[in-house]
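Here the structure is laid out as structure tokens; the discussion comes afterwards.
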Protein chains: 2
Amino acid sequence: MPIIAPRSRRERPAKPSLSRDGIIETAVALMREEGLERVTMRRLAAALDTGPSSLYVYVRNTAELHAAVLDELLGSVGLKAGVTSEGWDNVVVRVLGSYTGILIEHPALARSALVTRPSGPNYLALVERLLSLLREGGVADPQSAWGVDLLLLFATSIALEHGTRGLTLDDGEDEEALAEALRQADATGYPTIAALGDDLLSGTPEARFEWHVRVLLAGIALTARPAREAGNAGPGLP
Amino acid sequence: MPIIAPRSRRERPAKPSLSRDGIIETAVALMREEGLERVTMRRLAAALDTGPSSLYVYVRNTAELHAAVLDELLGSVGLKAGVTSEGWDNVVVRVLGSYTGILIEHPALARSALVTRPSGPNYLALVERLLSLLREGGVADPQSAWGVDLLLLFATSIALEHGTRGLTLDDGEDEEALAEALRQADATGYPTIAALGDDLLSGTPEARFEWHVRVLLAGIALTARPAREAGNAGPGLP
DNA sequence: ACCTGAACACCGTTCAAGT
DNA sequence: ACCTGAACACCGTTCAAGT
């Protein structure tokens, strides 16, 4: 029996010792190969040639792991998209579109972004870019401060909404069910739905996205913040 | 050995035979008792005194089950909230607030509403109510048609966002991480964030919610739909 | 037709024990 | 300190077999 270590038939060089960065790097690679839904603690551990429990030394739980992966991905949001040639509002549409596009490919990350507030450097860079664009557009600071949240909430939700559709088995079946239900809605029970008819579902997703963003920008620019009331200071959940 | 059937010591009367309605009814009851996250196929089957596979005769999968539960819950959205005394926009704020409030208690349903388009009768009634309020407010029909989606997307997202927070183990820890990150953001790297400072996180959730809805209403009322282009007809995903 | 037991192929997280 | 094997307590879905 040779004394050579019994596990040297892997191609991986020497089995690198674990580290938080290494774990996240591997998670990102695994995600690009197989999608985030396959980046489970168990699978990630297998990719790192160890057991799942080992990961818990470096990562608190799955949510934290996903948050780290998210910020990594956000590095590729196109923040520079056409700075001056077009109007500031068109740039906002593009920047948010880039953000949404990335998340659409990874709906589980969109969910993560919605559920645990991201705070990584790349997310902050996105917030900074949007705030500076709003300023450029002459939006008052208090409205920008509360509005940027709304813009990002919208973009994230759209990604979660569209990203998950079609990923499910029954491709767009619920879409059709809604279309059918809207058409069936007769004038007695649902008069306004009946009156608007097909226009409720008209337009390409891109056209709707763009119009939605313009709605948000117009509303943010024009809606004054409420007068300060007592206890209007901290975050605090309901 | 007596021939008496060996399972008559349950209190449940005679074991009712399964039906889709009965299954959903039990699912709703189970959800009210233990929360939706515990309404799994296996647990629901156990509550119905059968095996999980039996449910698949009546319900295609978990997503369909959740959709049915969602519409059931939506029956209690307060659609009548203060019809005329206050302005139509305040009524929109209340109706959406009622919808969001219900979903906040069941974040998994909010996720379901975001991911598979609801089309049940109670959801349609909510759409109808919002459309009629927008009309009452003098909003042009094409803008209402595309705007109602945005209102519901927003309300659903807020519910998912707030509902899941605090449900996680580390209560509001990410919130704090974001606050810290924003404060740390120095003027060189993130000048606009630094300039706006604490106002980025100011306000109660209720105040922000109300302002957000007003932003949406103002934007919807004032933003014209894009000129019709080629291929602007059907839904169709990106 | 309706129902079921049992299996398949997984999960996240913990914890006592090892090095 | 870092790492691990093994276990705990679960999942959704399928399918051959029964009634």
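Chain labels follow the order of the structure tokens: the first chain is A, the next B, and so on; residue numbering restarts at 1 in every chain, and ligands are counted from 1 in their shown order.
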*asked:* Distance limit 10 Å, atoms considered: only C-alpha atoms (C1' of nucleotides). Which chain B residues sit that close to chain C? Return them as a PyMOL selection string.
replied: chain B and resi 18+50-55+57
Write the residues of the preceding selection, restricted to all heavy atoms, as a PDB file, in the first residue's frame.
```pdb
ATOM      1  N   LEU B  18     -62.314  12.831  -1.280  1.00  0.00           N
ATOM      2  CA  LEU B  18     -61.591  14.010  -1.751  1.00  0.00           C
ATOM      3  C   LEU B  18     -62.352  14.753  -2.848  1.00  0.00           C
ATOM      4  O   LEU B  18     -63.132  14.170  -3.581  1.00  0.00           O
ATOM      5  CB  LEU B  18     -60.222  13.581  -2.297  1.00  0.00           C
ATOM      6  CG  LEU B  18     -59.231  13.061  -1.257  1.00  0.00           C
ATOM      7  CD1 LEU B  18     -57.957  12.594  -1.932  1.00  0.00           C
ATOM      8  CD2 LEU B  18     -58.926  14.121  -0.232  1.00  0.00           C
ATOM      9  N   THR B  50     -54.621  11.347   3.925  1.00  0.00           N
ATOM     10  CA  THR B  50     -54.299  10.536   2.758  1.00  0.00           C
ATOM     11  C   THR B  50     -52.814  10.722   2.423  1.00  0.00           C
ATOM     12  O   THR B  50     -52.084  11.389   3.152  1.00  0.00           O
ATOM     13  CB  THR B  50     -55.174  10.936   1.558  1.00  0.00           C
ATOM     14  OG1 THR B  50     -54.857  10.098   0.452  1.00  0.00           O
ATOM     15  CG2 THR B  50     -54.944  12.369   1.170  1.00  0.00           C
ATOM     16  N   GLY B  51     -52.394  10.163   1.323  1.00  0.00           N
ATOM     17  CA  GLY B  51     -51.006  10.313   0.896  1.00  0.00           C
ATOM     18  C   GLY B  51     -50.864  11.447  -0.098  1.00  0.00           C
ATOM     19  O   GLY B  51     -51.844  11.838  -0.730  1.00  0.00           O
ATOM     20  N   PRO B  52     -49.675  11.987  -0.236  1.00  0.00           N
ATOM     21  CA  PRO B  52     -49.473  13.147  -1.109  1.00  0.00           C
ATOM     22  C   PRO B  52     -49.879  12.869  -2.559  1.00  0.00           C
ATOM     23  O   PRO B  52     -50.397  13.751  -3.239  1.00  0.00           O
ATOM     24  CB  PRO B  52     -47.973  13.423  -1.014  1.00  0.00           C
ATOM     25  CG  PRO B  52     -47.368  12.249  -0.350  1.00  0.00           C
ATOM     26  CD  PRO B  52     -48.434  11.585   0.437  1.00  0.00           C
ATOM     27  N   SER B  53     -49.679  11.679  -3.013  1.00  0.00           N
ATOM     28  CA  SER B  53     -49.960  11.408  -4.428  1.00  0.00           C
ATOM     29  C   SER B  53     -51.435  11.583  -4.762  1.00  0.00           C
ATOM     30  O   SER B  53     -51.785  11.910  -5.889  1.00  0.00           O
ATOM     31  CB  SER B  53     -49.493  10.006  -4.784  1.00  0.00           C
ATOM     32  OG  SER B  53     -49.981   9.078  -3.848  1.00  0.00           O
ATOM     33  N   SER B  54     -52.305  11.397  -3.767  1.00  0.00           N
ATOM     34  CA  SER B  54     -53.741  11.510  -4.030  1.00  0.00           C
ATOM     35  C   SER B  54     -54.129  12.913  -4.484  1.00  0.00           C
ATOM     36  O   SER B  54     -55.074  13.092  -5.250  1.00  0.00           O
ATOM     37  CB  SER B  54     -54.521  11.149  -2.769  1.00  0.00           C
ATOM     38  OG  SER B  54     -54.145   9.871  -2.324  1.00  0.00           O
ATOM     39  N   LEU B  55     -53.403  13.908  -4.003  1.00  0.00           N
ATOM     40  CA  LEU B  55     -53.772  15.288  -4.342  1.00  0.00           C
ATOM     41  C   LEU B  55     -53.605  15.581  -5.822  1.00  0.00           C
ATOM     42  O   LEU B  55     -54.311  16.422  -6.372  1.00  0.00           O
ATOM     43  CB  LEU B  55     -52.923  16.262  -3.524  1.00  0.00           C
ATOM     44  CG  LEU B  55     -52.978  16.077  -2.006  1.00  0.00           C
ATOM     45  CD1 LEU B  55     -52.118  17.132  -1.328  1.00  0.00           C
ATOM     46  CD2 LEU B  55     -54.413  16.160  -1.511  1.00  0.00           C
ATOM     47  N   VAL B  57     -54.528  14.141  -8.277  1.00  0.00           N
ATOM     48  CA  VAL B  57     -55.707  13.883  -9.099  1.00  0.00           C
ATOM     49  C   VAL B  57     -56.490  15.179  -9.314  1.00  0.00           C
ATOM     50  O   VAL B  57     -57.092  15.392 -10.362  1.00  0.00           O
ATOM     51  CB  VAL B  57     -56.607  12.832  -8.423  1.00  0.00           C
ATOM     52  CG1 VAL B  57     -57.860  12.601  -9.250  1.00  0.00           C
ATOM     53  CG2 VAL B  57     -55.840  11.543  -8.219  1.00  0.00           C
TER      54      VAL B  57
END
```
Could the residues of chain A that have an atom at most 6 Å from chain B be listed as a Markdown table, each with its closest atom pair and the distance in Å to one decimal, counting only C-alpha atoms and ordered by chain and ascending residue number?
```
| residue | atom | partner | partner_atom | distance |
| --- | --- | --- | --- | --- |
| A:Leu114 | CA | B:Glu161 | CA | 5.5 |
| A:Val115 | CA | B:Glu161 | CA | 5.0 |
| A:Arg117 | CA | B:Asp174 | CA | 5.8 |
| A:Ser119 | CA | B:Leu178 | CA | 4.8 |
| A:Glu128 | CA | B:Ile193 | CA | 5.8 |
| A:Ala145 | CA | B:Leu200 | CA | 4.7 |
| A:Glu161 | CA | B:Val115 | CA | 5.0 |
| A:Asp174 | CA | B:Arg117 | CA | 5.8 |
| A:Leu178 | CA | B:Ser119 | CA | 4.8 |
| A:Tyr190 | CA | B:Glu128 | CA | 5.9 |
| A:Ile193 | CA | B:Glu128 | CA | 5.8 |
| A:Leu200 | CA | B:Ala145 | CA | 4.7 |
| A:Leu201 | CA | B:Pro235 | CA | 5.9 |
| A:Ser202 | CA | B:Gly234 | CA | 5.5 |
| A:Gly203 | CA | B:Asn232 | CA | 4.8 |
| A:Thr204 | CA | B:Pro235 | CA | 5.9 |
| A:Val215 | CA | B:Gly219 | CA | 4.2 |
| A:Leu216 | CA | B:Gly219 | CA | 5.9 |
| A:Ala218 | CA | B:Gly219 | CA | 5.1 |
| A:Gly219 | CA | B:Gly219 | CA | 4.1 |
| A:Ile220 | CA | B:Val215 | CA | 5.6 |
| A:Thr223 | CA | B:Val215 | CA | 5.8 |
| A:Asn232 | CA | B:Gly203 | CA | 4.8 |
| A:Ala233 | CA | B:Ser202 | CA | 5.5 |
| A:Gly234 | CA | B:Ser202 | CA | 5.5 |
| A:Pro235 | CA | B:Thr204 | CA | 5.8 |
```
Prev. selection, C-alpha atoms, output as a PDB file, in the first residue's frame:
```pdb
ATOM      1  CA  LEU A 114     -36.507  41.808  -3.344  1.00  0.00           C
ATOM      2  CA  VAL A 115     -36.442  39.944  -0.076  1.00  0.00           C
ATOM      3  CA  ARG A 117     -31.981  44.382   0.848  1.00  0.00           C
ATOM      4  CA  SER A 119     -25.936  46.409   0.121  1.00  0.00           C
ATOM      5  CA  GLU A 128     -25.546  56.199  -7.119  1.00  0.00           C
ATOM      6  CA  ALA A 145     -34.334  59.838  -2.239  1.00  0.00           C
ATOM      7  CA  GLU A 161     -42.210  38.258 -12.868  1.00  0.00           C
ATOM      8  CA  ASP A 174     -51.520  31.216 -16.636  1.00  0.00           C
ATOM      9  CA  LEU A 178     -55.851  35.473 -17.502  1.00  0.00           C
ATOM     10  CA  TYR A 190     -66.909  43.715 -14.610  1.00  0.00           C
ATOM     11  CA  ILE A 193     -62.699  45.471 -17.693  1.00  0.00           C
ATOM     12  CA  LEU A 200     -55.366  45.492 -20.911  1.00  0.00           C
ATOM     13  CA  LEU A 201     -52.925  42.984 -22.388  1.00  0.00           C
ATOM     14  CA  SER A 202     -51.660  44.936 -25.372  1.00  0.00           C
ATOM     15  CA  GLY A 203     -48.099  45.943 -26.105  1.00  0.00           C
ATOM     16  CA  THR A 204     -44.785  44.174 -26.078  1.00  0.00           C
ATOM     17  CA  VAL A 215     -44.576  56.820 -15.519  1.00  0.00           C
ATOM     18  CA  LEU A 216     -42.357  56.395 -12.504  1.00  0.00           C
ATOM     19  CA  ALA A 218     -42.915  61.602 -14.220  1.00  0.00           C
ATOM     20  CA  GLY A 219     -44.590  60.731 -10.951  1.00  0.00           C
ATOM     21  CA  ILE A 220     -41.395  61.044  -8.934  1.00  0.00           C
ATOM     22  CA  THR A 223     -45.252  64.387  -6.570  1.00  0.00           C
ATOM     23  CA  ASN A 232     -41.154  60.264  10.562  1.00  0.00           C
ATOM     24  CA  ALA A 233     -37.549  59.486  11.296  1.00  0.00           C
ATOM     25  CA  GLY A 234     -36.407  55.874  11.131  1.00  0.00           C
ATOM     26  CA  PRO A 235     -36.990  52.885   8.875  1.00  0.00           C
TER      27      PRO A 235
END
```
*From stretch 32-124 of chain A, collect each residue whose DSSP state is alpha helix (DSSP H) and return the set as a ChimeraX atom specification.*
/A:32-34,41-47,52-55,62-73,88-104,107-115,121-124
*Find the distance between atom CA of A:Leu74 and atom CA of A:Tyr58 and write it in Å to one decimal.*
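According to the coordinates, atom CA of A:Leu74 and atom CA of A:Tyr58 are separated by 21.6 Å.
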*Quick one, how far is atom CA of B:Arg20 from atom CA of B:Val69?*
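It comes out at 11.6 Å.
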_Between atom CA of A:Ala227 and atom CA of B:Gly87, what distance in Å does the model show, to one decimal?_
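Distance reported for this atom pair: 18.5 Å.
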